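Before any comments, here is the structure.
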Amino acid sequence: MFSKMVLVLWSCAGLVWWVVAWRLVTTDQRKKGVVSEPAPRRTLSVFKPLPCLSTQGLRVVAAGVESFVAQLDPESELLLGIHEADRDFTAPFLDRLRAEYPKARIEVIFRSEPDDTANPKIAWQKILALHAKGELWLWSDADIIAPAGFLQSARLEFARSGAAMMTFPYVIRETSPPPALLEALFVNVEFYPGVLLLRKLGPVDFGLGAAMLFQRDDFLRQVDWAEIGAWLADDFFLGQKLRPVRIGTTTLATVPASSTWKDALLHDLRWTKTIRWNRPMGSFARILIMPVLGWLGAVALHPSHFFPWLGLLGMIQADVFFAAAICHRTGCHLKLRDLLRMEVWSLWRILLWLLCWLPWPVLWSGTRWRGPRVEFNREIELTRT
């Protein structure tokens, strides 16, 4: 009787969270998002370092870069970091941007030298910072797509917030190719509702790589390049340094990068492991909203009983239903094949939660991370390159 009561209460906790998550996303998606009032006239530098495109391609980053370029005004500039090996490959894209947005200030910086920090994005940001002329800096991952009016709205919201940094959530609105479904479920269903809840609770102490807006002078005074470059989650570290942080009202979007199921699974593992390293108690507490784990245990202990199987199947269907409803609200419309795959996803998210507590490293950008930060060895990195 006691075990049944625990499972029922656990299931109720999971269902309550699903309802809360759906409500948070529904309310946020109904908002206009951007503010149309004139922003304070402060100069802005947008940082857009690109990954090595020979392996990822332009598809993932082109729409994001253009969405920011289209919003540049006389007070703003975009710093675009491109690896020298991609110079010829990106030339047609850059020519088109300059032709379609002749008034936009785009400074393209090419480099061939190896990274001098473990985190390759920070190695790029250091170089772009040497060219930045703005009083405000906006760091945004290469694959992030901004809605029209975002740059103006973000500056206005930052001026009103009283915060040292503004950061912004994001969603995924497509699930093609099929492995992109895993990324969409993690971002839209696991990450996005939690961020919206934290926004309601007030200031936070982390950033989100989608967009982080702060004052140049605050950064140069409080952040050491070598220190931030040693962290896997540079956005989390930056939020720790530039506090208080406010979560903005505009939701951005991104394009899934995973083209194979192996890539998608490893991406999921890296995300979950990084959260566990940075927020161990919060990561552990996720067990409260994962009653499928409890029902799996009940089935393993009593495989011949009907009640555990009924509870397990019921909670899996609840996971699929609410996850699909949340994705729909974000503009990510799932196909029938996606819904069938989500039956497995409900079990995968449990396995993923368990795996993140095991002492295995994650691989990112050629470096094995066995914790949230690593010591950079220039000689080893130069040997690799």
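Residue numbering restarts at 1 in every chain; chains get A, B, ... in the order shown in the structure tokens, and ligands count up from 1 in that same order.
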
Please identify every residue of region 147-238 of chain A that has at least one atom no farther than 12 Å from an atom of region 75-89 of chain A, counting only C-alpha atoms, and for each give the shortest atom pair and the distance in Å to one decimal, arranged by chain then increasing number, as CSV.
residue,atom,partner,partner_atom,distance
A:Leu151,CA,A:Ser76,CA,8.9
A:Gln152,CA,A:Ser76,CA,9.9
A:Arg155,CA,A:Ser76,CA,10.8

Strand (DSSP E) call set, DSSP backbone run, region 181-339 of chain A, as a list in words: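 Matching residues, listed in order: Met212, Leu213, Phe214, Gln215, Val245, Arg246, Ile247, Leu252, Ala253 and Thr254 of chain A.
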
Picked from region 128-322 of chain A by DSSP as helix (DSSP H, G or I), as a ChimeraX atom specification: /A:128-129,150-161,180-201,216-222,225-228,234-241,261-278,280-289,291-301,306-322

Among listed residues A:Pro92, A:Gly57, A:Gly149, A:Pro114, nearest Gln71 (chain A) (using only C-alpha atoms):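 Among the listed residues, A:Gly149 lies closest to Gln71 (chain A).
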
Best match for closeness to Ser11 (chain A) among A:Ala318, A:Ala233, A:Ala285, A:Ile109, counting only C-alpha atoms: A:Ala318

Two-atom distance - CA of Arg199 (chain A), CA of Glu66 (chain A) (Å):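 It comes out at 28.1 Å.
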
Test item: residues at most 10 Å from region 296-311 of chain A, only C-alpha atoms, excluding those fewer than 4 positions along its chain, as a list in words: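 After dropping sequence-adjacent residues, the list is Ser3, Lys4, Leu7, Val8, Ser11, Pro291, Val292, Met315, Ile316, Gln317, Leu347 and Ile350 of chain A.
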
Put those residues in a file: N, CA, C and O atoms, as a PDB file, in the first residue's frame.
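Saved result, selection-v6.pdb, follows:
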ATOM      1  N   SER A   3       3.963   1.636  -1.129  1.00  0.00           N
ATOM      2  CA  SER A   3       4.625   1.839  -2.406  1.00  0.00           C
ATOM      3  C   SER A   3       3.648   2.380  -3.447  1.00  0.00           C
ATOM      4  O   SER A   3       4.013   3.222  -4.273  1.00  0.00           O
ATOM      5  N   LYS A   4       2.399   1.915  -3.422  1.00  0.00           N
ATOM      6  CA  LYS A   4       1.399   2.428  -4.356  1.00  0.00           C
ATOM      7  C   LYS A   4       1.130   3.909  -4.101  1.00  0.00           C
ATOM      8  O   LYS A   4       0.977   4.704  -5.039  1.00  0.00           O
ATOM      9  N   LEU A   7       3.932   6.016  -5.515  1.00  0.00           N
ATOM     10  CA  LEU A   7       3.851   6.106  -6.964  1.00  0.00           C
ATOM     11  C   LEU A   7       2.740   7.049  -7.414  1.00  0.00           C
ATOM     12  O   LEU A   7       2.904   7.820  -8.369  1.00  0.00           O
ATOM     13  N   VAL A   8       1.626   6.999  -6.719  1.00  0.00           N
ATOM     14  CA  VAL A   8       0.515   7.889  -7.073  1.00  0.00           C
ATOM     15  C   VAL A   8       0.898   9.346  -6.815  1.00  0.00           C
ATOM     16  O   VAL A   8       0.657  10.232  -7.648  1.00  0.00           O
ATOM     17  N   SER A  11       3.395  10.467  -9.347  1.00  0.00           N
ATOM     18  CA  SER A  11       2.725  10.714 -10.620  1.00  0.00           C
ATOM     19  C   SER A  11       1.990  12.051 -10.606  1.00  0.00           C
ATOM     20  O   SER A  11       2.005  12.794 -11.598  1.00  0.00           O
ATOM     21  N   PRO A 291       8.120  10.571 -12.862  1.00  0.00           N
ATOM     22  CA  PRO A 291       7.525   9.375 -12.235  1.00  0.00           C
ATOM     23  C   PRO A 291       7.684   8.111 -13.059  1.00  0.00           C
ATOM     24  O   PRO A 291       7.517   7.006 -12.515  1.00  0.00           O
ATOM     25  N   VAL A 292       8.007   8.223 -14.348  1.00  0.00           N
ATOM     26  CA  VAL A 292       8.241   7.023 -15.153  1.00  0.00           C
ATOM     27  C   VAL A 292       9.328   6.165 -14.511  1.00  0.00           C
ATOM     28  O   VAL A 292       9.273   4.931 -14.563  1.00  0.00           O
ATOM     29  N   MET A 315       1.898   6.893 -17.663  1.00  0.00           N
ATOM     30  CA  MET A 315       2.797   8.041 -17.502  1.00  0.00           C
ATOM     31  C   MET A 315       3.587   8.311 -18.782  1.00  0.00           C
ATOM     32  O   MET A 315       3.895   9.466 -19.094  1.00  0.00           O
ATOM     33  N   ILE A 316       3.914   7.262 -19.534  1.00  0.00           N
ATOM     34  CA  ILE A 316       4.586   7.486 -20.815  1.00  0.00           C
ATOM     35  C   ILE A 316       3.674   8.274 -21.752  1.00  0.00           C
ATOM     36  O   ILE A 316       4.112   9.211 -22.427  1.00  0.00           O
ATOM     37  N   GLN A 317       2.374   7.904 -21.772  1.00  0.00           N
ATOM     38  CA  GLN A 317       1.437   8.636 -22.634  1.00  0.00           C
ATOM     39  C   GLN A 317       1.273  10.072 -22.161  1.00  0.00           C
ATOM     40  O   GLN A 317       1.108  10.990 -22.978  1.00  0.00           O
ATOM     41  N   LEU A 347      11.285   7.163 -22.149  1.00  0.00           N
ATOM     42  CA  LEU A 347      12.208   6.285 -21.418  1.00  0.00           C
ATOM     43  C   LEU A 347      13.645   6.800 -21.519  1.00  0.00           C
ATOM     44  O   LEU A 347      14.423   6.685 -20.566  1.00  0.00           O
ATOM     45  N   ILE A 350      14.691   9.333 -18.908  1.00  0.00           N
ATOM     46  CA  ILE A 350      15.006   8.726 -17.617  1.00  0.00           C
ATOM     47  C   ILE A 350      16.427   8.183 -17.626  1.00  0.00           C
ATOM     48  O   ILE A 350      17.215   8.412 -16.694  1.00  0.00           O
TER      49      ILE A 350
END

Using only C-alpha atoms, what does the table of region 163-255 of chain A residues within 12 Å of region 351-363 of chain A look like, with each row giving the shortest atom pair and its distance in Å to one decimal, sorted by chain and ascending number, as a Markdown table?
| residue | atom | partner | partner_atom | distance |
| --- | --- | --- | --- | --- |
| A:Leu182 | CA | A:Leu352 | CA | 11.7 |
| A:Phe186 | CA | A:Leu352 | CA | 11.0 |
| A:Glu190 | CA | A:Trp353 | CA | 11.6 |
| A:Leu232 | CA | A:Val362 | CA | 10.0 |

All residues 6 Å or closer to region 162-169 of chain A, only C-alpha atoms, same chain fewer than 3 positions away omitted, as a list in words: Gly207, Leu208, Ala211, Met212, Leu213, Phe214, Leu242, Arg243, Pro244, Val245, Arg246, Ile247, Gly248 and Thr251 of chain A

Close residues, region 117-127 of chain A itself excluded, 7 Å, only C-alpha atoms, min 5 positions apart in chain, as a ChimeraX atom specification: /A:49,81,226,229-232,374,376

Please, could you write that set of residues out with N, CA and C atoms as a PDB file, in the first residue's frame?
ATOM      1  N   PRO A  49      30.732  34.683 -33.381  1.00  0.00           N
ATOM      2  CA  PRO A  49      31.813  33.796 -33.838  1.00  0.00           C
ATOM      3  C   PRO A  49      31.228  32.536 -34.450  1.00  0.00           C
ATOM      4  N   GLY A  81      33.071  36.405 -36.772  1.00  0.00           N
ATOM      5  CA  GLY A  81      34.326  35.658 -36.739  1.00  0.00           C
ATOM      6  C   GLY A  81      34.261  34.431 -37.622  1.00  0.00           C
ATOM      7  N   ALA A 226      41.137  34.268 -19.320  1.00  0.00           N
ATOM      8  CA  ALA A 226      41.677  32.922 -19.113  1.00  0.00           C
ATOM      9  C   ALA A 226      40.738  32.085 -18.249  1.00  0.00           C
ATOM     10  N   GLY A 229      37.558  31.197 -20.221  1.00  0.00           N
ATOM     11  CA  GLY A 229      37.925  30.294 -21.300  1.00  0.00           C
ATOM     12  C   GLY A 229      38.146  28.868 -20.862  1.00  0.00           C
ATOM     13  N   ALA A 230      38.264  28.650 -19.554  1.00  0.00           N
ATOM     14  CA  ALA A 230      38.459  27.294 -19.036  1.00  0.00           C
ATOM     15  C   ALA A 230      37.147  26.583 -18.742  1.00  0.00           C
ATOM     16  N   TRP A 231      36.014  27.295 -18.879  1.00  0.00           N
ATOM     17  CA  TRP A 231      34.711  26.718 -18.536  1.00  0.00           C
ATOM     18  C   TRP A 231      33.995  26.196 -19.756  1.00  0.00           C
ATOM     19  N   LEU A 232      33.388  25.031 -19.620  1.00  0.00           N
ATOM     20  CA  LEU A 232      32.558  24.480 -20.687  1.00  0.00           C
ATOM     21  C   LEU A 232      31.317  25.341 -20.884  1.00  0.00           C
ATOM     22  N   VAL A 374      38.368  22.980 -17.420  1.00  0.00           N
ATOM     23  CA  VAL A 374      39.608  22.237 -17.635  1.00  0.00           C
ATOM     24  C   VAL A 374      40.774  23.211 -17.666  1.00  0.00           C
ATOM     25  N   PHE A 376      43.907  24.527 -19.573  1.00  0.00           N
ATOM     26  CA  PHE A 376      44.302  24.547 -20.978  1.00  0.00           C
ATOM     27  C   PHE A 376      45.805  24.360 -21.098  1.00  0.00           C
TER      28      PHE A 376
END
